[in-house]
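K.L.:
Okay, so here is coords_29.txt, and as you'll see once you scroll down, it has compact mmCIF, C-alpha atoms and all ligand atoms.
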# COMPACT_ATOMS: atom_id res chain seq x y z
CA MET J 1 5.16 -27.78 -18.23
CA GLN J 2 1.85 -28.73 -19.83
CA GLY J 3 2.13 -31.72 -22.12
CA THR J 4 5.44 -32.99 -20.76
CA PRO J 5 6.40 -35.35 -17.92
CA GLU J 6 6.93 -33.63 -14.59
CA VAL J 7 10.11 -31.63 -13.99
CA ALA J 8 11.10 -30.77 -10.41
CA VAL J 9 14.15 -28.89 -9.19
CA LEU J 10 15.84 -29.86 -5.91
CA ARG J 11 17.82 -27.01 -4.38
CA LEU J 12 20.47 -28.54 -2.09
CA GLY J 13 22.21 -26.41 0.47
CA HIS J 14 21.56 -22.81 1.45
CA ARG J 15 24.01 -20.67 3.37
CA PRO J 16 21.90 -18.20 5.39
CA GLY J 17 22.80 -14.62 4.53
CA ARG J 18 24.92 -15.52 1.53
CA ASP J 19 22.44 -17.57 -0.54
CA GLU J 20 19.15 -15.75 0.01
CA ARG J 21 18.82 -14.35 -3.51
CA MET J 22 20.40 -17.37 -5.17
CA THR J 23 17.89 -19.78 -3.63
CA THR J 24 15.04 -17.44 -4.55
CA HIS J 25 16.38 -17.20 -8.09
CA VAL J 26 16.69 -20.98 -8.41
CA GLY J 27 12.96 -21.11 -7.70
CA LEU J 28 12.09 -18.23 -10.01
CA ALA J 29 14.21 -19.56 -12.88
CA ALA J 30 12.71 -23.03 -12.41
CA ARG J 31 9.21 -21.56 -12.64
CA ALA J 32 9.87 -19.22 -15.55
CA LEU J 33 11.71 -21.84 -17.60
CA GLY J 34 9.28 -24.72 -17.52
CA ALA J 35 9.74 -26.72 -14.31
CA ASP J 36 6.63 -27.73 -12.39
CA ARG J 37 7.96 -27.37 -8.87
CA VAL J 38 10.93 -26.57 -6.72
CA ILE J 39 11.94 -28.45 -3.58
CA LEU J 40 13.92 -26.32 -1.13
CA ALA J 41 16.10 -28.24 1.29
CA ARG J 42 16.56 -27.34 4.94
CA GLU J 43 17.45 -23.64 5.47
CA GLY J 44 16.44 -22.91 1.85
CA ALA J 45 12.84 -23.31 3.01
CA SER J 46 13.07 -19.70 4.22
CA ARG J 47 12.73 -18.53 0.57
CA ALA J 48 9.49 -20.41 -0.11
CA GLY J 49 7.26 -17.42 0.63
CA THR J 50 9.08 -15.12 -1.79
CA ILE J 51 8.75 -17.63 -4.64
CA GLU J 52 5.10 -18.31 -3.81
CA ASP J 53 4.44 -14.59 -3.92
CA ILE J 54 5.65 -14.47 -7.53
CA VAL J 55 3.44 -17.46 -8.41
CA ASP J 56 0.50 -15.64 -6.83
CA ARG J 57 1.17 -12.45 -8.77
CA PHE J 58 2.36 -13.77 -12.13
CA GLY J 59 0.61 -17.15 -12.35
CA GLY J 60 1.21 -20.85 -12.23
CA PRO J 61 0.92 -23.70 -12.02
CA PHE J 62 4.12 -24.00 -9.98
CA ALA J 63 4.54 -25.67 -6.61
CA VAL J 64 7.00 -24.74 -3.88
CA GLU J 65 7.89 -27.52 -1.45
CA THR J 66 10.36 -27.82 1.39
CA THR J 67 12.17 -30.78 2.87
CA ASP J 68 14.43 -31.59 5.78
CA SER J 69 15.48 -34.79 3.99
CA PRO J 70 16.87 -33.86 0.57
CA ARG J 71 18.52 -37.26 0.23
CA ALA J 72 15.16 -38.94 0.72
CA ALA J 73 13.60 -36.63 -1.88
CA LEU J 74 16.33 -37.66 -4.30
CA LYS J 75 16.24 -41.37 -3.43
CA ASP J 76 12.45 -41.55 -3.60
CA TRP J 77 12.21 -39.72 -6.94
CA ASP J 78 10.32 -41.91 -9.39
CA GLY J 79 12.19 -40.90 -12.54
CA ALA J 80 15.54 -39.65 -13.77
CA VAL J 81 17.87 -37.57 -11.58
CA VAL J 82 20.13 -35.01 -13.25
CA HIS J 83 22.71 -33.37 -10.98
CA LEU J 84 24.13 -30.17 -12.45
CA THR J 85 27.82 -29.87 -11.64
CA MET J 86 30.89 -28.40 -13.33
CA TYR J 87 32.56 -31.79 -12.85
CA GLY J 88 29.99 -33.70 -14.91
CA LEU J 89 29.75 -34.68 -18.56
CA PRO J 90 29.20 -31.83 -21.03
CA ILE J 91 25.50 -31.11 -21.57
CA GLN J 92 25.95 -31.17 -25.32
CA ASP J 93 27.14 -34.80 -25.11
CA VAL J 94 24.34 -36.15 -22.88
CA GLU J 95 21.28 -33.99 -23.48
CA GLY J 96 20.04 -36.23 -26.33
CA GLU J 97 19.95 -39.30 -24.09
CA ILE J 98 18.31 -37.36 -21.25
CA ARG J 99 15.70 -35.84 -23.57
CA THR J 100 14.88 -39.23 -25.13
CA THR J 101 14.11 -40.69 -21.70
CA PHE J 102 12.14 -37.58 -20.74
CA GLU J 103 10.09 -37.50 -23.93
CA ALA J 104 9.32 -41.19 -23.42
CA GLY J 105 7.46 -40.18 -20.26
CA THR J 106 10.02 -40.28 -17.43
CA PRO J 107 9.73 -37.45 -14.86
CA LEU J 108 12.95 -35.56 -14.25
CA LEU J 109 14.51 -34.18 -11.07
CA ALA J 110 17.19 -31.55 -11.65
CA VAL J 111 19.49 -31.09 -8.64
CA VAL J 112 21.56 -27.97 -7.98
CA GLY J 113 23.85 -27.19 -5.06
CA ALA J 114 25.07 -24.14 -3.19
CA GLY J 115 28.35 -24.84 -1.41
CA LYS J 116 30.24 -28.12 -1.66
CA VAL J 117 27.93 -30.91 -2.77
CA PRO J 118 28.50 -34.23 -0.92
CA PHE J 119 29.88 -37.03 -3.05
CA ASP J 120 26.96 -39.38 -2.45
CA ILE J 121 24.79 -36.98 -4.47
CA TYR J 122 27.06 -37.58 -7.47
CA GLU J 123 26.61 -41.31 -6.96
CA ALA J 124 22.85 -41.11 -6.50
CA ALA J 125 22.31 -39.14 -9.72
CA ASP J 126 21.59 -40.88 -13.01
CA HIS J 127 23.48 -38.12 -14.80
CA ASN J 128 26.08 -35.62 -13.60
CA VAL J 129 25.84 -32.86 -16.18
CA ALA J 130 28.09 -29.86 -16.75
CA VAL J 131 27.08 -26.64 -18.46
CA THR J 132 30.67 -26.04 -19.47
CA ASN J 133 33.29 -27.49 -17.11
CA GLN J 134 33.87 -24.01 -15.70
CA PRO J 135 32.66 -22.79 -12.31
CA HIS J 136 29.65 -20.46 -12.44
CA SER J 137 26.22 -20.55 -10.88
CA GLU J 138 23.30 -22.82 -10.06
CA VAL J 139 20.87 -20.34 -11.61
CA ALA J 140 22.82 -20.16 -14.87
CA SER J 141 23.30 -23.91 -15.13
CA LEU J 142 19.64 -24.58 -14.35
CA ALA J 143 18.50 -22.07 -16.96
CA VAL J 144 20.67 -23.53 -19.70
CA PHE J 145 19.72 -27.09 -18.75
CA LEU J 146 15.96 -26.42 -18.82
CA ASP J 147 16.22 -24.54 -22.10
CA HIS J 148 18.11 -27.45 -23.69
CA LEU J 149 15.71 -30.01 -22.20
CA PHE J 150 12.65 -28.23 -23.59
CA GLU J 151 14.45 -27.08 -26.76
CA GLY J 152 13.20 -23.53 -26.23
CA GLU J 153 9.50 -24.45 -26.06
CA GLU J 154 9.34 -23.27 -22.42
CA LEU J 155 9.67 -19.70 -23.70
CA ASP J 156 6.08 -19.90 -24.94
CA ARG J 157 4.69 -21.34 -21.71
CA GLU J 158 1.26 -20.02 -20.79
CA TRP J 159 0.31 -18.98 -17.26
CA GLU J 160 -2.86 -19.63 -15.34
CA ASP J 161 -4.54 -17.13 -12.99
CA PRO J 162 -2.04 -14.28 -13.13
CA LYS J 163 -2.86 -11.05 -11.32
CA HIS J 164 -0.29 -9.20 -13.42
CA VAL J 165 0.58 -9.73 -17.07
CA VAL J 166 3.53 -7.99 -18.68
CA VAL J 167 2.75 -6.53 -22.09
CA PRO J 168 5.96 -6.79 -24.10
CA GLN J 169 7.33 -3.40 -25.15
CA SER J 170 10.24 -2.38 -27.32
CA GLU J 171 10.70 0.47 -24.83
CA GLY J 172 9.39 1.13 -21.37
CA LYS J 173 7.21 -1.02 -19.13
CA GLN J 174 3.58 -2.02 -19.31
CA VAL J 175 1.79 -4.33 -16.92
CA LYS J 176 -1.92 -5.09 -17.09
CA GLU J 177 -4.41 -6.90 -14.92
CA PRO J 178 -6.25 -9.53 -16.95
N1 LIG J 201 32.25 -26.18 -5.59
C1 LIG J 201 30.89 -26.65 -5.46
C2 LIG J 201 30.83 -28.14 -5.61
O1 LIG J 201 31.71 -28.80 -5.15
O2 LIG J 201 29.88 -28.66 -6.18
C3 LIG J 201 30.01 -25.93 -6.48
C4 LIG J 201 29.43 -24.65 -5.99
S1 LIG J 201 28.58 -23.73 -7.24
C5 LIG J 201 28.73 -22.09 -6.71
C6 LIG J 201 26.90 -24.01 -6.86
C7 LIG J 201 26.16 -24.91 -7.83
O3 LIG J 201 26.16 -24.33 -9.12
C8 LIG J 201 26.70 -26.29 -8.02
O4 LIG J 201 26.36 -27.17 -6.99
C9 LIG J 201 26.08 -26.66 -9.35
O5 LIG J 201 24.78 -27.19 -9.18
C10 LIG J 201 26.02 -25.33 -10.09
N2 LIG J 201 27.08 -25.16 -11.09
C11 LIG J 201 28.11 -24.29 -11.02
N3 LIG J 201 28.87 -24.37 -12.13
C12 LIG J 201 28.29 -25.32 -12.92
C13 LIG J 201 28.60 -25.84 -14.20
N4 LIG J 201 29.66 -25.43 -14.90
N5 LIG J 201 27.79 -26.78 -14.71
C14 LIG J 201 26.71 -27.21 -14.02
N6 LIG J 201 26.37 -26.75 -12.81
C15 LIG J 201 27.15 -25.81 -12.26
Let me see the file written as structure tokens.
P.N.:
Amino acid sequence: MQGTPEVAVLRLGHRPGRDERMTTHVGLAARALGADRVILAREGASRAGTIEDIVDRFGGPFAVETTDSPRAALKDWDGAVVHLTMYGLPIQDVEGEIRTTFEAGTPLLAVVGAGKVPFDIYEAADHNVAVTNQPHSEVASLAVFLDHLFEGEELDREWEDPKHVVVPQSEGKQVKEP
């Protein structure tokens, strides 16, 4: 997001057939809620075009990248790594420390899984963070995490070069071309 250190989201895992919409929605939620890019690992790369299509239609900046080496992407990240997992420490207990580092200028990589996440990812992360210690979803946990990180300021993010702009309505739908 403009005026903040870089935030990237690494989407680990993708079960073809089962995770198509989830991987797409990880990318769309990352974009809508203030991240600068998403990195799709291995089979998740198949969703890149769908996410890029939304960037093309509704604006950016937002980058979509793919990798066959998610561990290298994580290991080579020059900043803090936050792995979102129901087994981690409660977000409300650690978000202050994470935000302090972030606001001091450290880029942040948020990591979300699909199926079982290998244990070395837990070890490689600087923070293993839980959005409640209950099982739910990578899209939900990413959304809550980004909103807490940015303290709601991502909701006012401005978009560059959109082809479509939604005009907020109390009823109905209105979309204009700028
Ligand atoms: N059982 C899997 C495991 O061993 O990690 C989790 C699968 S879950 C359907 C998919 C992803 O959602 C997880 O890898 C994690 O990133 C995210 N997730 C699910 N519940 C979460 C929670 N309570 N807090 C943070 N992230 C969560």
K.L.:
From the set J:Leu12, J:Ala80, J:Met86, J:Asp36, which residue has the shortest atom-to-atom contact distance to J:Glu103, counting only C-alpha atoms?
P.N.:
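Using only C-alpha atoms, J:Glu103 sits closest to J:Ala80.
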K.L.:
Mind checking which residues fall within 12 Å of J:Asp161, counting only C-alpha atoms, ignoring those fewer than 3 positions away in the same chain, and posting them as JSON, numbers by chain?
P.N.:
{"J": [54, 55, 56, 57, 58, 59, 60, 61, 62, 158, 164, 165, 177, 178]}
K.L.:
With distances taken over only C-alpha atoms and all ligand atoms, which residue among J:Asp19, J:Asp147, J:Asp78, J:Glu43 lies nearest ligand LIG 201 (chain J)?
P.N.:
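Using only C-alpha atoms and all ligand atoms, the shortest distance to ligand LIG 201 (chain J) belongs to J:Asp19.
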K.L.:
Per residue of chain J within 10 Å of ligand LIG 201 (chain J), note the shortest atom pair and the distance in Å to one decimal, counting all atoms listed in the file, and order the rows by chain and increasing residue number, as JSON lines.
P.N.:
{"residue": "J:Leu10", "atom": "CA", "partner": "J:LIG201", "partner_atom": "O5", "distance": 9.9}
{"residue": "J:Arg11", "atom": "CA", "partner": "J:LIG201", "partner_atom": "O5", "distance": 8.5}
{"residue": "J:Leu12", "atom": "CA", "partner": "J:LIG201", "partner_atom": "O4", "distance": 7.8}
{"residue": "J:Gly13", "atom": "CA", "partner": "J:LIG201", "partner_atom": "O4", "distance": 8.6}
{"residue": "J:His14", "atom": "CA", "partner": "J:LIG201", "partner_atom": "C6", "distance": 10.0}
{"residue": "J:Asp19", "atom": "CA", "partner": "J:LIG201", "partner_atom": "C5", "distance": 9.9}
{"residue": "J:Met22", "atom": "CA", "partner": "J:LIG201", "partner_atom": "C6", "distance": 9.4}
{"residue": "J:Val82", "atom": "CA", "partner": "J:LIG201", "partner_atom": "O5", "distance": 10.0}
{"residue": "J:His83", "atom": "CA", "partner": "J:LIG201", "partner_atom": "O5", "distance": 6.8}
{"residue": "J:Leu84", "atom": "CA", "partner": "J:LIG201", "partner_atom": "N6", "distance": 4.1}
{"residue": "J:Thr85", "atom": "CA", "partner": "J:LIG201", "partner_atom": "N6", "distance": 3.6}
{"residue": "J:Met86", "atom": "CA", "partner": "J:LIG201", "partner_atom": "C13", "distance": 3.5}
{"residue": "J:Tyr87", "atom": "CA", "partner": "J:LIG201", "partner_atom": "N5", "distance": 7.2}
{"residue": "J:Gly88", "atom": "CA", "partner": "J:LIG201", "partner_atom": "N5", "distance": 7.3}
{"residue": "J:Leu89", "atom": "CA", "partner": "J:LIG201", "partner_atom": "N5", "distance": 9.0}
{"residue": "J:Pro90", "atom": "CA", "partner": "J:LIG201", "partner_atom": "N5", "distance": 8.2}
{"residue": "J:Ile91", "atom": "CA", "partner": "J:LIG201", "partner_atom": "N5", "distance": 8.4}
{"residue": "J:Ala110", "atom": "CA", "partner": "J:LIG201", "partner_atom": "O5", "distance": 9.1}
{"residue": "J:Val111", "atom": "CA", "partner": "J:LIG201", "partner_atom": "O5", "distance": 6.6}
{"residue": "J:Val112", "atom": "CA", "partner": "J:LIG201", "partner_atom": "O5", "distance": 3.5}
{"residue": "J:Gly113", "atom": "CA", "partner": "J:LIG201", "partner_atom": "O4", "distance": 3.2}
{"residue": "J:Ala114", "atom": "CA", "partner": "J:LIG201", "partner_atom": "C6", "distance": 4.1}
{"residue": "J:Gly115", "atom": "CA", "partner": "J:LIG201", "partner_atom": "C4", "distance": 4.7}
{"residue": "J:Lys116", "atom": "CA", "partner": "J:LIG201", "partner_atom": "O1", "distance": 3.8}
{"residue": "J:Val117", "atom": "CA", "partner": "J:LIG201", "partner_atom": "O2", "distance": 4.5}
{"residue": "J:Pro118", "atom": "CA", "partner": "J:LIG201", "partner_atom": "O1", "distance": 7.6}
{"residue": "J:Phe119", "atom": "CA", "partner": "J:LIG201", "partner_atom": "O1", "distance": 8.7}
{"residue": "J:Ile121", "atom": "CA", "partner": "J:LIG201", "partner_atom": "O2", "distance": 9.9}
{"residue": "J:Tyr122", "atom": "CA", "partner": "J:LIG201", "partner_atom": "O2", "distance": 9.4}
{"residue": "J:Asn128", "atom": "CA", "partner": "J:LIG201", "partner_atom": "C14", "distance": 8.4}
{"residue": "J:Val129", "atom": "CA", "partner": "J:LIG201", "partner_atom": "C14", "distance": 6.1}
{"residue": "J:Ala130", "atom": "CA", "partner": "J:LIG201", "partner_atom": "N5", "distance": 3.7}
{"residue": "J:Val131", "atom": "CA", "partner": "J:LIG201", "partner_atom": "N5", "distance": 3.8}
{"residue": "J:Thr132", "atom": "CA", "partner": "J:LIG201", "partner_atom": "N4", "distance": 4.7}
{"residue": "J:Asn133", "atom": "CA", "partner": "J:LIG201", "partner_atom": "N4", "distance": 4.7}
{"residue": "J:Gln134", "atom": "CA", "partner": "J:LIG201", "partner_atom": "N4", "distance": 4.5}
{"residue": "J:Pro135", "atom": "CA", "partner": "J:LIG201", "partner_atom": "N3", "distance": 4.1}
{"residue": "J:His136", "atom": "CA", "partner": "J:LIG201", "partner_atom": "N3", "distance": 4.0}
{"residue": "J:Ser137", "atom": "CA", "partner": "J:LIG201", "partner_atom": "O3", "distance": 4.2}
{"residue": "J:Glu138", "atom": "CA", "partner": "J:LIG201", "partner_atom": "O3", "distance": 3.4}
{"residue": "J:Val139", "atom": "CA", "partner": "J:LIG201", "partner_atom": "O3", "distance": 7.1}
{"residue": "J:Ala140", "atom": "CA", "partner": "J:LIG201", "partner_atom": "N2", "distance": 7.6}
{"residue": "J:Ser141", "atom": "CA", "partner": "J:LIG201", "partner_atom": "N6", "distance": 4.8}
{"residue": "J:Leu142", "atom": "CA", "partner": "J:LIG201", "partner_atom": "N6", "distance": 7.2}
{"residue": "J:Val144", "atom": "CA", "partner": "J:LIG201", "partner_atom": "C14", "distance": 9.1}
{"residue": "J:Phe145", "atom": "CA", "partner": "J:LIG201", "partner_atom": "C14", "distance": 8.4}
K.L.:
In Å, rounded to a single decimal, give me how far atom CA of J:Ala124 is from atom CA of J:Leu108.
P.N.:
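These two atoms are separated by 13.7 Å.
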K.L.:
Under the rule that all atoms listed in the file are counted, which of J:Ala41, J:Gly49, J:Val166, J:Ala73 is the nearest residue to J:Ala125?
P.N.:
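Among the listed residues, the smallest separation from J:Ala125 belongs to J:Ala73.
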K.L.:
Mind pulling up the distance from atom CA of J:Phe102 to atom CA of J:Thr4?
P.N.:
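Those two atoms sit 8.1 Å apart.
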K.L.:
Given all atoms listed in the file as the basis, pick out the residue of J:Glu6, J:Glu20, J:Asp126, J:Asp120 nearest to J:Phe150.
P.N.:
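Among the listed residues, J:Glu6 lies closest to J:Phe150.
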K.L.:
Taking 4 positions as the minimum chain separation for residues in the same chain, which residues sit within 10 Å of J:Ile51 when counting only C-alpha atoms? Answer as a list of chain:residue names.
P.N.:
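My reading of the contact set: J:Thr23, J:Thr24, J:His25, J:Val26, J:Gly27, J:Leu28, J:Arg31, J:Val38, J:Arg47, J:Val55, J:Asp56, J:Phe62, J:Ala63, J:Val64.
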K.L.:
Using only C-alpha atoms, which of J:Leu109, J:Ala48, J:Ala143, J:Leu149 sits nearest J:Gln92?
P.N.:
J:Leu149
K.L.:
Using atom CA of J:Pro5 and atom CA of J:Arg157 as the two end points, give the distance in Å to one decimal.
P.N.:
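Atom CA of J:Pro5 sits 14.6 Å away from atom CA of J:Arg157.
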K.L.:
Missing atoms in stretch 32-43 of chain J: fill them in up to all heavy atoms and send the result as a PDB file, in the frame of the given file.
P.N.:
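See part33.pdb below for the written result:
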ATOM      1  N   ALA J  32       9.958 -19.948 -14.273  1.00  0.00           N
ATOM      2  CA  ALA J  32       9.870 -19.220 -15.550  1.00  0.00           C
ATOM      3  C   ALA J  32      10.261 -20.108 -16.726  1.00  0.00           C
ATOM      4  O   ALA J  32       9.764 -19.909 -17.844  1.00  0.00           O
ATOM      5  CB  ALA J  32      10.780 -17.984 -15.504  1.00  0.00           C
ATOM      6  N   LEU J  33      11.134 -21.081 -16.484  1.00  0.00           N
ATOM      7  CA  LEU J  33      11.710 -21.840 -17.600  1.00  0.00           C
ATOM      8  C   LEU J  33      11.184 -23.269 -17.681  1.00  0.00           C
ATOM      9  O   LEU J  33      11.852 -24.139 -18.232  1.00  0.00           O
ATOM     10  CB  LEU J  33      13.236 -21.800 -17.519  1.00  0.00           C
ATOM     11  CG  LEU J  33      13.792 -20.365 -17.647  1.00  0.00           C
ATOM     12  CD1 LEU J  33      15.293 -20.327 -17.403  1.00  0.00           C
ATOM     13  CD2 LEU J  33      13.469 -19.786 -19.021  1.00  0.00           C
ATOM     14  N   GLY J  34       9.992 -23.496 -17.154  1.00  0.00           N
ATOM     15  CA  GLY J  34       9.280 -24.720 -17.520  1.00  0.00           C
ATOM     16  C   GLY J  34       9.199 -25.815 -16.483  1.00  0.00           C
ATOM     17  O   GLY J  34       8.519 -26.817 -16.723  1.00  0.00           O
ATOM     18  N   ALA J  35       9.883 -25.690 -15.333  1.00  0.00           N
ATOM     19  CA  ALA J  35       9.740 -26.720 -14.310  1.00  0.00           C
ATOM     20  C   ALA J  35       8.361 -26.622 -13.659  1.00  0.00           C
ATOM     21  O   ALA J  35       7.701 -25.577 -13.726  1.00  0.00           O
ATOM     22  CB  ALA J  35      10.841 -26.583 -13.254  1.00  0.00           C
ATOM     23  N   ASP J  36       7.944 -27.705 -13.024  1.00  0.00           N
ATOM     24  CA  ASP J  36       6.630 -27.730 -12.390  1.00  0.00           C
ATOM     25  C   ASP J  36       6.692 -27.419 -10.907  1.00  0.00           C
ATOM     26  O   ASP J  36       5.700 -27.007 -10.311  1.00  0.00           O
ATOM     27  CB  ASP J  36       6.009 -29.123 -12.573  1.00  0.00           C
ATOM     28  CG  ASP J  36       5.833 -29.450 -14.034  1.00  0.00           C
ATOM     29  OD1 ASP J  36       4.971 -28.826 -14.676  1.00  0.00           O
ATOM     30  OD2 ASP J  36       6.583 -30.300 -14.557  1.00  0.00           O
ATOM     31  N   ARG J  37       7.837 -27.675 -10.295  1.00  0.00           N
ATOM     32  CA  ARG J  37       7.960 -27.370  -8.870  1.00  0.00           C
ATOM     33  C   ARG J  37       9.407 -27.284  -8.454  1.00  0.00           C
ATOM     34  O   ARG J  37      10.291 -27.808  -9.136  1.00  0.00           O
ATOM     35  CB  ARG J  37       7.222 -28.386  -8.003  1.00  0.00           C
ATOM     36  CG  ARG J  37       7.692 -29.812  -8.133  1.00  0.00           C
ATOM     37  CD  ARG J  37       6.821 -30.704  -7.231  1.00  0.00           C
ATOM     38  NE  ARG J  37       6.915 -32.079  -7.635  1.00  0.00           N
ATOM     39  CZ  ARG J  37       7.265 -33.076  -6.825  1.00  0.00           C
ATOM     40  NH1 ARG J  37       7.559 -32.828  -5.559  1.00  0.00           N
ATOM     41  NH2 ARG J  37       7.319 -34.310  -7.255  1.00  0.00           N
ATOM     42  N   VAL J  38       9.609 -26.622  -7.317  1.00  0.00           N
ATOM     43  CA  VAL J  38      10.930 -26.570  -6.720  1.00  0.00           C
ATOM     44  C   VAL J  38      10.828 -27.150  -5.316  1.00  0.00           C
ATOM     45  O   VAL J  38       9.819 -26.958  -4.626  1.00  0.00           O
ATOM     46  CB  VAL J  38      11.501 -25.130  -6.698  1.00  0.00           C
ATOM     47  CG1 VAL J  38      10.713 -24.212  -5.761  1.00  0.00           C
ATOM     48  CG2 VAL J  38      12.974 -25.128  -6.312  1.00  0.00           C
ATOM     49  N   ILE J  39      11.867 -27.884  -4.935  1.00  0.00           N
ATOM     50  CA  ILE J  39      11.940 -28.450  -3.580  1.00  0.00           C
ATOM     51  C   ILE J  39      13.143 -27.797  -2.903  1.00  0.00           C
ATOM     52  O   ILE J  39      14.284 -27.944  -3.366  1.00  0.00           O
ATOM     53  CB  ILE J  39      12.118 -29.973  -3.635  1.00  0.00           C
ATOM     54  CG1 ILE J  39      11.007 -30.621  -4.477  1.00  0.00           C
ATOM     55  CG2 ILE J  39      12.127 -30.548  -2.215  1.00  0.00           C
ATOM     56  CD1 ILE J  39      11.294 -32.074  -4.859  1.00  0.00           C
ATOM     57  N   LEU J  40      12.875 -27.056  -1.834  1.00  0.00           N
ATOM     58  CA  LEU J  40      13.920 -26.320  -1.130  1.00  0.00           C
ATOM     59  C   LEU J  40      14.337 -27.109   0.097  1.00  0.00           C
ATOM     60  O   LEU J  40      13.497 -27.430   0.950  1.00  0.00           O
ATOM     61  CB  LEU J  40      13.402 -24.943  -0.708  1.00  0.00           C
ATOM     62  CG  LEU J  40      12.812 -24.079  -1.828  1.00  0.00           C
ATOM     63  CD1 LEU J  40      12.139 -22.842  -1.235  1.00  0.00           C
ATOM     64  CD2 LEU J  40      13.898 -23.678  -2.820  1.00  0.00           C
ATOM     65  N   ALA J  41      15.630 -27.418   0.187  1.00  0.00           N
ATOM     66  CA  ALA J  41      16.100 -28.240   1.290  1.00  0.00           C
ATOM     67  C   ALA J  41      16.484 -27.384   2.491  1.00  0.00           C
ATOM     68  O   ALA J  41      17.059 -26.309   2.359  1.00  0.00           O
ATOM     69  CB  ALA J  41      17.304 -29.084   0.858  1.00  0.00           C
ATOM     70  N   ARG J  42      16.128 -27.883   3.641  1.00  0.00           N
ATOM     71  CA  ARG J  42      16.560 -27.340   4.940  1.00  0.00           C
ATOM     72  C   ARG J  42      16.426 -25.816   5.007  1.00  0.00           C
ATOM     73  O   ARG J  42      15.336 -25.292   4.848  1.00  0.00           O
ATOM     74  CB  ARG J  42      17.972 -27.823   5.243  1.00  0.00           C
ATOM     75  CG  ARG J  42      18.033 -29.353   5.293  1.00  0.00           C
ATOM     76  CD  ARG J  42      19.219 -29.878   6.058  1.00  0.00           C
ATOM     77  NE  ARG J  42      19.146 -31.319   6.165  1.00  0.00           N
ATOM     78  CZ  ARG J  42      19.922 -32.186   5.489  1.00  0.00           C
ATOM     79  NH1 ARG J  42      20.861 -31.755   4.673  1.00  0.00           N
ATOM     80  NH2 ARG J  42      19.769 -33.489   5.632  1.00  0.00           N
ATOM     81  N   GLU J  43      17.549 -25.095   5.249  1.00  0.00           N
ATOM     82  CA  GLU J  43      17.450 -23.640   5.470  1.00  0.00           C
ATOM     83  C   GLU J  43      16.900 -22.905   4.249  1.00  0.00           C
ATOM     84  O   GLU J  43      16.404 -21.785   4.370  1.00  0.00           O
ATOM     85  CB  GLU J  43      18.818 -23.050   5.832  1.00  0.00           C
ATOM     86  CG  GLU J  43      19.328 -23.428   7.208  1.00  0.00           C
ATOM     87  CD  GLU J  43      20.246 -24.621   7.176  1.00  0.00           C
ATOM     88  OE1 GLU J  43      20.139 -25.440   6.224  1.00  0.00           O
ATOM     89  OE2 GLU J  43      21.081 -24.748   8.095  1.00  0.00           O
TER      90      GLU J  43
END
